[in-house]
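Colleague: Below is the file upload.cif, with mmCIF, C-alpha atoms.
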```
data_my_file
#
loop_
_atom_site.label_atom_id
_atom_site.label_comp_id
_atom_site.auth_asym_id
_atom_site.auth_seq_id
_atom_site.Cartn_x
_atom_site.Cartn_y
_atom_site.Cartn_z
CA MET F 1376 -23.83 -79.79 22.98
CA ALA F 1377 -23.39 -77.61 26.04
CA THR F 1378 -25.48 -74.67 27.24
CA GLN F 1379 -23.72 -71.67 28.69
CA ALA F 1380 -25.67 -68.66 29.98
CA PHE F 1381 -28.70 -69.60 27.84
CA GLN F 1382 -26.55 -69.95 24.71
CA LYS F 1383 -26.55 -73.18 22.76
CA ILE F 1384 -23.07 -74.41 21.81
CA TYR F 1385 -22.46 -77.14 19.23
CA THR F 1386 -19.20 -78.67 18.02
CA LYS F 1387 -20.25 -81.02 15.23
CA ILE F 1388 -20.55 -79.47 11.76
CA SER F 1389 -21.85 -81.90 9.13
CA ASN F 1390 -21.26 -79.92 5.93
CA ILE F 1391 -19.10 -76.94 4.92
CA THR F 1392 -19.42 -75.08 1.59
CA LYS F 1393 -17.65 -71.88 0.46
CA ALA F 1394 -20.10 -69.73 2.39
CA THR F 1395 -22.16 -71.98 4.64
CA CYS F 1396 -21.90 -74.49 7.44
CA SER F 1397 -24.62 -77.03 8.28
CA LEU F 1398 -25.26 -78.97 11.49
CA LYS F 1399 -28.03 -80.61 13.45
CA ALA F 1400 -29.51 -78.28 16.09
CA GLY F 1401 -32.87 -77.80 17.83
CA GLY F 1402 -34.84 -74.72 18.85
CA VAL F 1403 -33.07 -72.40 16.42
CA GLY F 1404 -34.94 -69.59 14.66
CA ASN F 1405 -34.68 -68.46 11.06
CA GLU F 1406 -32.27 -65.52 10.56
CA GLU F 1407 -30.86 -66.13 14.05
CA LEU F 1408 -27.26 -65.06 14.56
CA ALA F 1409 -24.48 -67.42 15.60
CA THR F 1410 -20.70 -67.46 15.86
CA ILE F 1411 -18.60 -70.24 14.30
CA ASN F 1412 -15.03 -70.20 15.60
CA GLY F 1413 -15.65 -66.57 16.53
CA ARG F 1414 -16.91 -65.63 13.03
CA LEU F 1415 -20.38 -64.17 12.73
CA ALA F 1416 -22.94 -66.29 10.88
CA GLN F 1417 -26.68 -66.21 10.27
CA VAL F 1418 -29.22 -69.00 9.89
CA VAL F 1419 -30.47 -69.02 6.29
CA LYS F 1420 -32.22 -72.38 6.05
CA ILE F 1421 -33.87 -74.82 8.48
CA ASN F 1422 -34.90 -78.27 7.29
CA GLY F 1423 -36.17 -80.33 10.23
CA ASP F 1424 -33.25 -80.30 12.66
CA GLU F 1425 -30.72 -79.56 9.90
CA VAL F 1426 -29.66 -75.90 10.18
CA THR F 1427 -27.65 -74.08 7.47
CA MET F 1428 -25.80 -70.89 8.38
CA GLN F 1429 -24.19 -68.32 6.12
CA VAL F 1430 -20.76 -67.26 7.44
CA PHE F 1431 -20.24 -63.57 6.68
CA ALA F 1432 -16.44 -63.68 6.45
CA GLY F 1433 -16.36 -66.98 4.51
CA THR F 1434 -15.70 -70.52 5.79
CA GLU F 1435 -12.05 -70.94 4.91
CA GLY F 1436 -10.15 -72.63 7.72
CA ILE F 1437 -13.21 -73.63 9.76
CA PRO F 1438 -12.85 -77.25 11.02
CA THR F 1439 -15.81 -79.65 11.42
CA ASN F 1440 -15.35 -79.56 15.20
CA ALA F 1441 -15.50 -75.75 15.37
CA GLU F 1442 -17.47 -74.23 18.23
CA VAL F 1443 -20.88 -72.99 17.06
CA ILE F 1444 -22.71 -70.67 19.48
CA PHE F 1445 -26.30 -69.60 18.73
CA MET F 1446 -27.17 -66.16 20.09
CA GLY F 1447 -30.94 -66.65 20.26
CA LYS F 1448 -31.72 -63.47 18.29
CA SER F 1449 -31.77 -61.99 14.78
CA PRO F 1450 -29.56 -59.03 13.80
CA SER F 1451 -30.74 -56.01 15.75
CA LEU F 1452 -30.08 -52.32 16.30
CA LYS F 1453 -30.35 -50.16 19.40
CA VAL F 1454 -32.45 -47.14 18.44
CA SER F 1455 -32.60 -43.76 20.18
CA ASP F 1456 -31.73 -40.12 19.55
CA GLN F 1457 -28.12 -41.14 20.24
CA LEU F 1458 -27.87 -42.53 16.68
CA ALA F 1459 -27.83 -39.01 15.20
CA GLY F 1460 -24.51 -37.84 13.80
CA ARG F 1461 -22.89 -41.27 14.03
CA PHE F 1462 -21.25 -43.73 11.62
CA PHE F 1463 -21.87 -47.49 12.05
CA ASN F 1464 -20.91 -50.71 10.27
CA ALA F 1465 -23.35 -53.29 8.86
CA TYR F 1466 -23.90 -54.74 12.37
CA GLY F 1467 -24.80 -51.36 13.89
CA GLU F 1468 -21.43 -51.08 15.68
CA PRO F 1469 -19.78 -47.61 15.80
CA ILE F 1470 -16.88 -47.03 13.36
CA ASP F 1471 -16.35 -43.37 14.27
CA GLY F 1472 -14.51 -43.98 17.55
CA GLY F 1473 -17.54 -42.98 19.62
CA PRO F 1474 -19.36 -45.06 22.28
CA MET F 1475 -22.02 -47.69 21.55
CA PRO F 1476 -25.39 -45.89 21.63
CA GLU F 1477 -27.94 -46.87 24.24
CA GLY F 1478 -31.57 -47.42 23.33
CA LYS F 1479 -34.35 -49.87 22.63
CA GLU F 1480 -33.13 -52.97 20.81
CA ILE F 1481 -35.19 -53.80 17.71
CA GLU F 1482 -34.79 -56.59 15.18
CA ILE F 1483 -33.96 -55.46 11.67
CA GLY F 1484 -35.60 -56.63 8.45
CA GLY F 1485 -39.16 -56.73 9.76
CA PRO F 1486 -42.24 -56.56 7.50
CA SER F 1487 -43.29 -53.45 5.56
CA VAL F 1488 -45.94 -51.12 6.93
CA ASN F 1489 -49.55 -52.32 6.75
CA PRO F 1490 -51.12 -50.57 3.72
CA VAL F 1491 -54.05 -49.48 5.92
CA ARG F 1492 -51.63 -47.24 7.85
CA ARG F 1493 -50.33 -45.57 4.72
CA GLU F 1494 -51.49 -42.23 3.43
CA GLN F 1495 -51.41 -40.76 -0.08
CA PRO F 1496 -48.10 -38.83 -0.25
CA SER F 1497 -48.72 -35.11 -0.59
CA GLU F 1498 -45.67 -33.29 0.76
CA LEU F 1499 -42.83 -31.99 -1.35
CA ILE F 1500 -39.22 -32.96 -0.64
CA ALA F 1501 -37.02 -30.17 -2.00
CA THR F 1502 -33.42 -31.13 -2.83
CA GLY F 1503 -32.18 -27.82 -4.27
CA ILE F 1504 -31.20 -29.65 -7.48
CA ALA F 1505 -33.35 -28.16 -10.24
CA GLY F 1506 -33.12 -31.24 -12.46
CA ILE F 1507 -35.01 -33.00 -9.66
CA ASP F 1508 -37.19 -30.31 -8.06
CA LEU F 1509 -38.28 -28.63 -11.31
CA ASN F 1510 -38.78 -31.62 -13.62
CA ASN F 1511 -39.04 -34.66 -11.34
CA THR F 1512 -40.30 -33.36 -8.03
CA LEU F 1513 -39.99 -35.83 -5.14
CA VAL F 1514 -42.74 -36.49 -2.63
CA THR F 1515 -42.47 -37.74 0.96
CA GLY F 1516 -43.03 -41.48 1.13
CA GLN F 1517 -41.76 -42.00 -2.42
CA LYS F 1518 -39.22 -44.63 -3.53
CA ILE F 1519 -37.02 -43.67 -6.47
CA PRO F 1520 -33.63 -44.77 -7.83
CA PHE F 1521 -30.80 -42.86 -9.49
CA PHE F 1522 -29.63 -44.83 -12.52
CA ALA F 1523 -26.01 -43.88 -13.17
CA ASP F 1524 -22.89 -45.22 -14.87
CA PRO F 1525 -20.20 -46.26 -12.37
CA ASP F 1526 -17.92 -43.36 -13.37
CA GLN F 1527 -20.54 -40.69 -12.66
CA PRO F 1528 -20.40 -38.61 -9.45
CA PHE F 1529 -23.51 -40.19 -7.91
CA ASN F 1530 -22.04 -40.14 -4.39
CA GLN F 1531 -21.51 -36.38 -4.67
CA VAL F 1532 -25.15 -36.04 -5.79
CA MET F 1533 -26.30 -38.14 -2.81
CA ALA F 1534 -24.25 -35.98 -0.44
CA MET F 1535 -25.77 -32.82 -1.96
CA VAL F 1536 -29.28 -34.23 -1.60
CA ALA F 1537 -28.48 -35.14 2.03
CA LEU F 1538 -27.31 -31.62 2.85
CA ARG F 1539 -30.04 -29.74 0.98
CA ALA F 1540 -33.12 -31.92 1.44
CA GLN F 1541 -35.65 -30.47 3.82
CA SER F 1542 -36.15 -33.44 6.12
CA ASP F 1543 -35.69 -34.14 9.84
CA LYS F 1544 -33.31 -37.10 9.50
CA ILE F 1545 -31.11 -38.39 6.68
CA ILE F 1546 -30.00 -42.02 6.86
CA LEU F 1547 -27.20 -43.13 4.57
CA GLY F 1548 -26.69 -46.81 3.76
CA GLY F 1549 -23.38 -47.30 1.96
CA MET F 1550 -22.67 -50.69 0.36
CA GLY F 1551 -19.28 -51.56 -1.10
CA MET F 1552 -17.95 -48.02 -0.68
CA THR F 1553 -14.29 -47.27 -1.20
CA ASN F 1554 -12.55 -45.74 1.80
CA ASP F 1555 -12.30 -42.52 -0.23
CA ASP F 1556 -16.09 -42.46 -0.63
CA TYR F 1557 -16.60 -43.11 3.08
CA LEU F 1558 -14.22 -40.28 4.02
CA PHE F 1559 -15.84 -38.02 1.40
CA PHE F 1560 -19.26 -38.47 3.04
CA LYS F 1561 -17.82 -38.12 6.54
CA ASN F 1562 -15.90 -34.92 5.72
CA THR F 1563 -18.75 -33.40 3.68
CA PHE F 1564 -21.27 -33.92 6.48
CA SER F 1565 -18.86 -32.73 9.20
CA ASN F 1566 -17.79 -29.60 7.32
CA ALA F 1567 -21.39 -28.64 6.57
CA GLY F 1568 -22.28 -28.87 10.26
CA ALA F 1569 -25.11 -31.23 9.35
CA LEU F 1570 -24.02 -34.29 11.29
CA ASP F 1571 -26.70 -33.84 13.94
CA ARG F 1572 -29.41 -35.03 11.52
CA ILE F 1573 -27.43 -37.64 9.53
CA ILE F 1574 -26.96 -41.32 10.50
CA SER F 1575 -24.68 -43.52 8.38
CA PHE F 1576 -24.35 -47.30 8.05
CA ILE F 1577 -21.25 -48.04 5.97
CA ASN F 1578 -19.86 -51.22 4.44
CA THR F 1579 -16.57 -50.57 2.62
CA THR F 1580 -14.83 -52.63 -0.05
CA GLU F 1581 -12.49 -53.95 2.68
CA ASP F 1582 -15.39 -55.47 4.64
CA PRO F 1583 -16.82 -58.88 3.65
CA SER F 1584 -19.19 -58.29 0.72
CA VAL F 1585 -21.87 -60.50 2.28
CA GLU F 1586 -22.28 -57.95 5.10
CA ARG F 1587 -23.77 -55.54 2.53
CA ILE F 1588 -27.02 -57.48 2.75
CA LEU F 1589 -27.54 -56.13 6.28
CA VAL F 1590 -26.99 -52.44 5.46
CA PRO F 1591 -30.42 -51.53 3.98
CA ASP F 1592 -32.21 -53.32 6.84
CA MET F 1593 -30.11 -51.44 9.43
CA ALA F 1594 -30.79 -48.10 7.71
CA LEU F 1595 -34.53 -48.78 7.46
CA ALA F 1596 -34.81 -50.01 11.06
CA ALA F 1597 -33.39 -46.66 12.18
CA ALA F 1598 -35.68 -44.84 9.72
CA GLU F 1599 -38.78 -46.59 11.08
CA TYR F 1600 -37.90 -45.59 14.64
CA PHE F 1601 -37.71 -41.87 13.75
CA ALA F 1602 -40.74 -41.94 11.42
CA VAL F 1603 -43.05 -44.03 13.63
CA GLU F 1604 -42.01 -43.05 17.17
CA LYS F 1605 -40.87 -39.46 16.56
CA HIS F 1606 -43.22 -38.58 13.62
CA GLN F 1607 -40.25 -37.24 11.64
CA LYS F 1608 -39.68 -36.88 7.88
CA VAL F 1609 -36.88 -39.33 7.16
CA LEU F 1610 -34.92 -39.55 3.91
CA VAL F 1611 -33.05 -42.83 3.34
CA LEU F 1612 -30.19 -42.75 0.81
CA LEU F 1613 -28.93 -46.17 -0.33
CA THR F 1614 -25.81 -46.45 -2.48
CA ASP F 1615 -25.14 -48.68 -4.33
CA MET F 1616 -27.97 -51.20 -4.82
CA THR F 1617 -26.02 -53.00 -7.55
CA ASN F 1618 -23.40 -53.88 -4.91
CA TYR F 1619 -26.23 -55.12 -2.67
CA ALA F 1620 -27.56 -57.33 -5.47
CA ASP F 1621 -24.06 -58.66 -6.22
CA ALA F 1622 -23.74 -59.66 -2.55
CA LEU F 1623 -27.09 -61.50 -2.79
CA ALA F 1624 -25.79 -63.30 -5.89
CA ILE F 1625 -22.60 -64.36 -4.10
CA VAL F 1626 -24.60 -65.88 -1.26
CA SER F 1627 -27.10 -67.69 -3.48
CA ASN F 1628 -24.33 -69.04 -5.75
CA ARG F 1629 -22.36 -70.32 -2.78
CA MET F 1630 -25.49 -72.03 -1.53
CA ASP F 1631 -25.73 -73.74 -4.93
CA GLN F 1632 -29.01 -72.07 -5.85
CA ILE F 1633 -29.66 -71.96 -9.60
CA PRO F 1634 -29.11 -68.36 -10.76
CA SER F 1635 -31.69 -66.41 -12.74
CA LYS F 1636 -31.14 -63.62 -15.31
CA ASP F 1637 -27.64 -62.02 -15.27
CA SER F 1638 -26.51 -64.58 -12.64
CA MET F 1639 -28.79 -62.90 -10.07
CA PRO F 1640 -30.80 -64.97 -7.55
CA GLY F 1641 -34.39 -65.85 -8.48
CA SER F 1642 -35.56 -63.98 -5.38
CA LEU F 1643 -34.09 -60.64 -6.58
CA TYR F 1644 -37.47 -58.97 -7.17
CA SER F 1645 -38.80 -59.77 -3.69
CA ASP F 1646 -35.42 -58.96 -2.08
CA LEU F 1647 -35.50 -55.48 -3.63
CA ALA F 1648 -39.23 -54.98 -2.98
CA LYS F 1649 -38.75 -55.83 0.71
CA ILE F 1650 -36.46 -52.78 0.94
CA TYR F 1651 -38.27 -50.30 -1.30
CA GLU F 1652 -41.73 -51.04 0.12
CA LYS F 1653 -40.58 -49.58 3.45
CA ALA F 1654 -41.17 -46.15 1.89
CA VAL F 1655 -44.33 -44.73 3.47
CA GLN F 1656 -46.25 -41.60 4.42
CA PHE F 1657 -47.96 -41.94 7.81
CA PRO F 1658 -51.16 -40.04 8.68
CA ASP F 1659 -49.46 -38.40 11.69
CA GLY F 1660 -46.77 -36.73 9.58
CA GLY F 1661 -43.93 -39.23 9.87
CA SER F 1662 -42.58 -40.50 6.55
CA ILE F 1663 -39.82 -42.58 4.99
CA THR F 1664 -38.62 -41.57 1.51
CA ILE F 1665 -36.06 -43.78 -0.24
CA ILE F 1666 -33.59 -42.57 -2.86
CA ALA F 1667 -31.23 -45.31 -4.02
CA VAL F 1668 -28.35 -45.41 -6.50
CA THR F 1669 -28.34 -48.29 -8.98
CA THR F 1670 -25.17 -48.30 -11.07
CA LEU F 1671 -25.51 -49.63 -14.60
CA SER F 1672 -22.81 -51.92 -15.93
CA GLY F 1673 -21.94 -50.61 -19.38
CA GLY F 1674 -25.05 -48.43 -19.32
CA ASP F 1675 -27.25 -51.54 -19.59
CA ILE F 1676 -30.73 -50.53 -18.43
CA THR F 1677 -32.07 -54.03 -19.17
CA HIS F 1678 -29.81 -55.73 -16.60
CA ALA F 1679 -31.78 -57.63 -13.95
CA VAL F 1680 -31.08 -55.09 -11.16
CA PRO F 1681 -32.33 -51.87 -12.87
CA ASP F 1682 -34.99 -53.89 -14.69
CA ASN F 1683 -36.54 -55.24 -11.47
CA THR F 1684 -36.02 -51.90 -9.72
CA GLY F 1685 -38.11 -50.13 -12.36
CA TYR F 1686 -41.11 -52.33 -11.60
CA ILE F 1687 -41.00 -51.59 -7.87
CA THR F 1688 -40.13 -47.90 -7.69
CA GLU F 1689 -42.10 -44.78 -8.61
CA GLY F 1690 -39.94 -43.48 -11.43
CA GLN F 1691 -36.20 -43.00 -11.81
CA LEU F 1692 -33.62 -40.21 -11.96
CA TYR F 1693 -31.10 -40.61 -14.77
CA LEU F 1694 -27.68 -38.94 -14.67
CA ARG F 1695 -25.75 -38.26 -17.87
CA ARG F 1696 -22.89 -36.02 -18.96
CA ASP F 1697 -24.03 -33.22 -21.28
CA THR F 1698 -21.09 -32.78 -23.64
CA ASN F 1699 -22.37 -29.36 -24.81
CA VAL F 1700 -21.82 -27.82 -21.38
CA GLY F 1701 -19.36 -30.35 -19.90
CA LYS F 1702 -21.51 -30.98 -16.84
CA VAL F 1703 -23.42 -33.95 -15.40
CA ILE F 1704 -27.15 -33.27 -15.65
CA VAL F 1705 -30.37 -34.96 -14.55
CA ASP F 1706 -31.60 -36.13 -17.97
CA PRO F 1707 -35.13 -34.70 -18.50
CA PHE F 1708 -36.00 -37.28 -21.18
CA ARG F 1709 -35.14 -40.45 -19.26
CA SER F 1710 -35.99 -39.27 -15.72
CA LEU F 1711 -39.47 -39.60 -14.28
CA SER F 1712 -41.15 -39.04 -10.95
CA ARG F 1713 -44.52 -40.77 -11.03
CA LEU F 1714 -45.82 -38.86 -8.00
CA LYS F 1715 -44.81 -35.32 -8.94
CA GLN F 1716 -48.33 -34.37 -10.07
CA LEU F 1717 -49.43 -34.71 -6.41
CA VAL F 1718 -47.42 -31.61 -5.47
CA ILE F 1719 -46.46 -29.49 -8.49
CA GLY F 1720 -48.67 -26.42 -8.79
CA LYS F 1721 -50.28 -27.37 -5.46
CA ARG F 1722 -47.34 -27.18 -3.03
CA THR F 1723 -45.29 -25.16 -5.51
CA ARG F 1724 -46.06 -22.00 -7.52
CA GLU F 1725 -49.01 -22.12 -9.93
CA ASP F 1726 -46.80 -21.82 -13.06
CA HIS F 1727 -44.67 -24.88 -12.18
CA PRO F 1728 -46.42 -27.53 -14.35
CA GLN F 1729 -46.53 -25.28 -17.44
CA VAL F 1730 -42.94 -24.05 -17.06
CA MET F 1731 -41.69 -27.63 -16.58
CA ASN F 1732 -43.49 -28.90 -19.71
CA ALA F 1733 -42.49 -25.92 -21.86
CA ALA F 1734 -38.82 -26.18 -20.92
CA VAL F 1735 -38.61 -29.91 -21.66
CA ARG F 1736 -40.44 -29.43 -24.98
CA LEU F 1737 -38.00 -26.68 -26.03
CA PHE F 1738 -35.08 -28.88 -24.92
CA SER F 1739 -36.51 -31.59 -27.16
CA ASP F 1740 -36.65 -29.11 -30.08
CA ALA F 1741 -32.95 -28.41 -29.45
CA ALA F 1742 -32.18 -32.15 -29.57
CA ASN F 1743 -33.90 -32.33 -32.97
CA ALA F 1744 -31.91 -29.29 -34.15
CA GLN F 1745 -28.70 -30.97 -32.96
CA THR F 1746 -29.56 -34.03 -35.09
CA LYS F 1747 -30.23 -31.81 -38.13
CA MET F 1748 -26.88 -30.09 -37.64
CA GLU F 1749 -24.98 -33.38 -37.27
CA ASN F 1750 -26.59 -34.66 -40.48
CA GLY F 1751 -25.59 -31.55 -42.44
CA PHE F 1752 -29.01 -29.89 -42.75
CA ASP F 1753 -29.40 -26.13 -42.57
CA LEU F 1754 -30.69 -24.76 -39.28
CA THR F 1755 -33.54 -22.27 -39.04
CA ASP F 1756 -33.36 -19.21 -36.80
CA TYR F 1757 -35.62 -21.04 -34.33
CA ASP F 1758 -33.27 -24.08 -34.32
CA THR F 1759 -30.30 -21.88 -33.46
CA ARG F 1760 -32.16 -20.21 -30.63
CA ALA F 1761 -33.35 -23.59 -29.32
CA LEU F 1762 -29.74 -24.83 -29.24
CA ASP F 1763 -28.64 -21.71 -27.33
CA PHE F 1764 -31.53 -22.18 -24.90
CA ALA F 1765 -30.57 -25.86 -24.37
CA LYS F 1766 -27.02 -24.89 -23.35
CA ASP F 1767 -28.30 -22.32 -20.85
CA TYR F 1768 -30.99 -24.71 -19.57
CA SER F 1769 -28.42 -27.49 -19.05
CA ALA F 1770 -25.88 -25.25 -17.33
CA GLN F 1771 -28.25 -23.15 -15.22
CA LEU F 1772 -31.01 -25.64 -14.33
CA LEU F 1773 -30.31 -29.31 -15.18
CA ALA F 1774 -26.70 -29.50 -13.93
CA ILE F 1775 -26.33 -31.26 -10.60
CA ASP F 1776 -24.27 -28.42 -9.10
CA VAL F 1777 -27.19 -25.98 -9.31
CA ASN F 1778 -28.57 -25.10 -5.88
CA LEU F 1779 -31.78 -23.05 -6.02
CA ASP F 1780 -35.11 -23.09 -4.24
CA ASN F 1781 -38.26 -23.87 -6.19
CA THR F 1782 -39.29 -20.27 -6.82
CA GLU F 1783 -35.79 -19.30 -8.01
CA MET F 1784 -35.81 -22.23 -10.47
CA LEU F 1785 -39.07 -21.05 -12.01
CA ASP F 1786 -37.77 -17.47 -12.25
CA VAL F 1787 -34.56 -18.67 -13.98
CA ALA F 1788 -36.66 -20.69 -16.46
CA TRP F 1789 -38.82 -17.63 -17.29
CA GLY F 1790 -35.60 -15.65 -17.78
CA LEU F 1791 -34.32 -18.23 -20.27
CA PHE F 1792 -37.66 -18.23 -22.12
CA SER F 1793 -37.63 -14.46 -22.52
CA LYS F 1794 -33.93 -14.44 -23.53
CA HIS F 1795 -34.31 -16.94 -26.40
CA PHE F 1796 -37.98 -17.00 -27.47
CA LYS F 1797 -41.13 -15.00 -28.12
CA PRO F 1798 -44.08 -15.70 -25.77
CA ALA F 1799 -46.05 -17.47 -28.55
CA GLU F 1800 -43.18 -19.95 -29.13
CA VAL F 1801 -43.10 -21.00 -25.48
CA ASN F 1802 -46.78 -21.99 -25.56
CA ILE F 1803 -47.74 -21.24 -21.94
CA LYS F 1804 -51.19 -19.99 -20.82
CA GLN F 1805 -51.53 -16.25 -21.50
CA GLN F 1806 -52.46 -15.36 -17.91
CA LEU F 1807 -49.19 -16.90 -16.66
CA VAL F 1808 -47.20 -15.16 -19.41
CA ASP F 1809 -48.78 -11.82 -18.42
CA LYS F 1810 -47.89 -12.42 -14.77
CA TYR F 1811 -44.32 -13.77 -15.02
CA TRP F 1812 -42.79 -12.92 -18.44
CA LYS F 1813 -42.31 -9.18 -17.89
CA ASN F 1814 -40.52 -9.80 -14.57
CA ALA F 1815 -38.15 -12.32 -16.11
CA GLN F 1816 -35.84 -9.98 -18.01
#
```
For this file, write the structure as structure tokens.
Modeller:
Amino acid sequence: MATQAFQKIYTKISNITKATCSLKAGGVGNEELATINGRLAQVVKINGDEVTMQVFAGTEGIPTNAEVIFMGKSPSLKVSDQLAGRFFNAYGEPIDGGPMPEGKEIEIGGPSVNPVRREQPSELIATGIAGIDLNNTLVTGQKIPFFADPDQPFNQVMAMVALRAQSDKIILGGMGMTNDDYLFFKNTFSNAGALDRIISFINTTEDPSVERILVPDMALAAAEYFAVEKHQKVLVLLTDMTNYADALAIVSNRMDQIPSKDSMPGSLYSDLAKIYEKAVQFPDGGSITIIAVTTLSGGDITHAVPDNTGYITEGQLYLRRDTNVGKVIVDPFRSLSRLKQLVIGKRTREDHPQVMNAAVRLFSDAANAQTKMENGFDLTDYDTRALDFAKDYSAQLLAIDVNLDNTEMLDVAWGLFSKHFKPAEVNIKQQLVDKYWKNAQ
């Protein structure tokens, strides 16, 4: 062993697996970074003086006498206002051709916020997508996933949310993105002139998959800086958490850990919770809201990743293609925001809760009418009108390409009610009908 400028250098590796190298070393910290033959590695296990490191790019070709240099620190990020508008890799290094930002260096992956410092979320986050804002309103400090099939346009939805959401900073964590996806986000943000409030940490399919594990921690370290130090409303968009979980599985399998359900590591629940529990509303106005995409393999909602996610998060947003209108919609039956009652009718117009419930109930009547029709039963006049309403409701309110503010959404819904139904059929309080029905023609 030699020491060079306070760095410890070793050249005797005792064990090499597909993903890890082990050696005897002293004074090394857990999660500390190292280089092995120039490849970045991270300490994942310490047993006495036996240290095991995970090599991000894989161990192929590393000899037992390779040079191992410990850096004396965990993965970190330099945080300052200079992060805004930039694209970084999983290590916080620029990938947009710009300079390395200056700022305070902070370690990533720290603990969640002390519950004593948390406040009951009470502020609305508007996304402009009616399927979210009308039926599943989001609240600052909330954590919620999009469940979507891999072929659905969830990245376009995330980009729309990023551009429309009323927040001070948007932080995108991309895991296992294709280059096309990366360029899509980059071009969309640039063309919209919104880069000044968006920070992106991107791992593409060409990067080592193990690096994906760092992306959420990088994104949340930046989020905590802006929420805690600058008292800003920060929205963190993570896509795709299934790729993150797959990377965890690769690491645990290579370390010969016994897999749990669906070949996922036994620690999956706590690994996911460590990320999602960073969502918080602070008393001084700063907040971190997390929206994450979880792709479903073969639409399987019982797979370990969505299954564990559902326990941790406060609802879910479910995308599906509505064949009647040929558009992707936010499914009102399978989507749920558990915190929406904190803001609807309080931070939005008084008729919001009743309009939301009435519309979903009528949409449900249309689904029943559709089943009757498919089974060859005769439809009543009401059934026919419910089916016509459902098409309009899907196309004009549930579809992900709808961009309206909250008041416009409610007005559109009243317009659809008055077009297809009589006031008594809609079943909304008379005083609200008197106030809004006549204006809805």
Colleague: Give me, as a short mmCIF file (atom, residue, chain, number, x, y, z; two decimals) with C-alpha atoms, in the coordinates of the input, all polymer residues having an atom no more than 7 Å from F:Phe1462, counting only C-alpha atoms and skipping those fewer than 6 positions away in the same chain.
Modeller:
```
data_model
loop_
_atom_site.label_atom_id
_atom_site.label_comp_id
_atom_site.auth_asym_id
_atom_site.auth_seq_id
_atom_site.Cartn_x
_atom_site.Cartn_y
_atom_site.Cartn_z
CA PRO F 1469 -19.78 -47.61 15.80
CA ILE F 1470 -16.88 -47.03 13.36
CA ASP F 1471 -16.35 -43.37 14.27
CA ILE F 1574 -26.96 -41.32 10.50
CA SER F 1575 -24.68 -43.52 8.38
CA PHE F 1576 -24.35 -47.30 8.05
#
```
Colleague: Just how far from atom CA of F:Leu1595 is atom CA of F:Gly1485, in Å to one decimal?
Modeller: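 Computed distance, atom CA of F:Gly1485 to atom CA of F:Leu1595, equals 9.5 Å.
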Colleague: Figure out the distance between atom CA of F:Pro1496 and atom CA of F:Asp1659, please, to one decimal in Å.
Modeller: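 According to the coordinates, atom CA of F:Asp1659 and atom CA of F:Pro1496 are separated by 12.0 Å.
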Colleague: How many Å separate atom CA of F:Leu1737 from atom CA of F:Leu1772?
Modeller: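 Pair atom CA of F:Leu1737 / atom CA of F:Leu1772 returns 13.7 Å.
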Colleague: So, with all atoms listed in the file as the atoms that count, which of F:Pro1438, F:Pro1640, F:Gly1751, F:Gly1484 lies closest to F:Lys1387?
Modeller: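 Closest candidate: F:Pro1438.
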Colleague: Hey, what comes out of the PyMOL selection byres ((chain F and resi 1448-1452) around 7) on this file? Could you write it as a PyMOL selection string?
Modeller: chain F and resi 1406-1408+1446-1447+1453-1454+1467+1480-1483+1593
Colleague: For F:Gly1402, find every residue with an atom within 9 Å (counting all atoms listed in the file), except residues of its own chain fewer than 2 positions away, and show them as a VMD selection string.
Modeller: chain F and resid 1400 1404 1424
Colleague: With distances taken over all atoms listed in the file, which of F:Asp1543, F:Asp1763, F:Asp1706, F:Glu1800 is nearest to F:Ala1602?
Modeller: F:Asp1543
Colleague: Any chance you could work out the residue set of the PyMOL selection byres ((chain F and resi 1545) around 10) here, as a ChimeraX atom specification?
Modeller: /F:1459-1460,1536-1538,1540-1544,1546-1548,1569-1575,1594,1598,1608-1612,1663-1664
Colleague: Starting from the displayed file, determine the output of the PyMOL selection byres ((chain F and resi 1426) around 12) and express the residue list as an NGL selection string.
Modeller: :F and (1385 or 1387-1391 or 1395-1409 or 1416-1425 or 1427-1429 or 1443 or 1445)
Colleague: Name the residues in contact with stretch 1753-1760 of chain F at a cut-off of 8 Å, using all atoms listed in the file, excluding same-chain residues fewer than 3 positions from it; report them as a PyMOL selection string.
Modeller: chain F and resi 1740-1741+1744+1747-1748+1763-1764+1795-1796
Colleague: Closest to F:Met1533 among F:Val1603, F:Val1585, F:Leu1509, F:Ile1775, using all atoms listed in the file?
Modeller: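 Result for the nearest residue to F:Met1533: F:Ile1775.
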Colleague: Set the distance at 7 Å and use all atoms listed in the file: which residues neighbour F:Ala1523 once local chain neighbours fewer than 6 positions away are removed? I'd like the list as an MDAnalysis selection string.
Modeller: chainID F and resid 1529 1669:1671 1693:1694
Colleague: Within 9 Å of F:Lys1715, counting all atoms listed in the file, which residues show up once you throw out same-chain ones fewer than 3 positions away? Write them as a list of chain:residue names, please.
Modeller: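 My reading of the contact set: F:Leu1499, F:Asn1510, F:Asn1511, F:Thr1512, F:Leu1513, F:Val1514, F:Leu1711, F:Ser1712, F:Val1718, F:Ile1719.
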Colleague: Of the candidates F:Asn1554, F:Thr1502, F:Ser1627, F:Ser1455, which one gets nearest to F:Lys1479 if we count only C-alpha atoms?
Modeller: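 Using only C-alpha atoms, F:Lys1479 sits closest to F:Ser1455.
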Colleague: Counting all atoms listed in the file, which of F:Thr1410, F:Gln1517, F:Gln1632, F:Thr1723 gets nearest to F:Phe1657?
Modeller: F:Gln1517
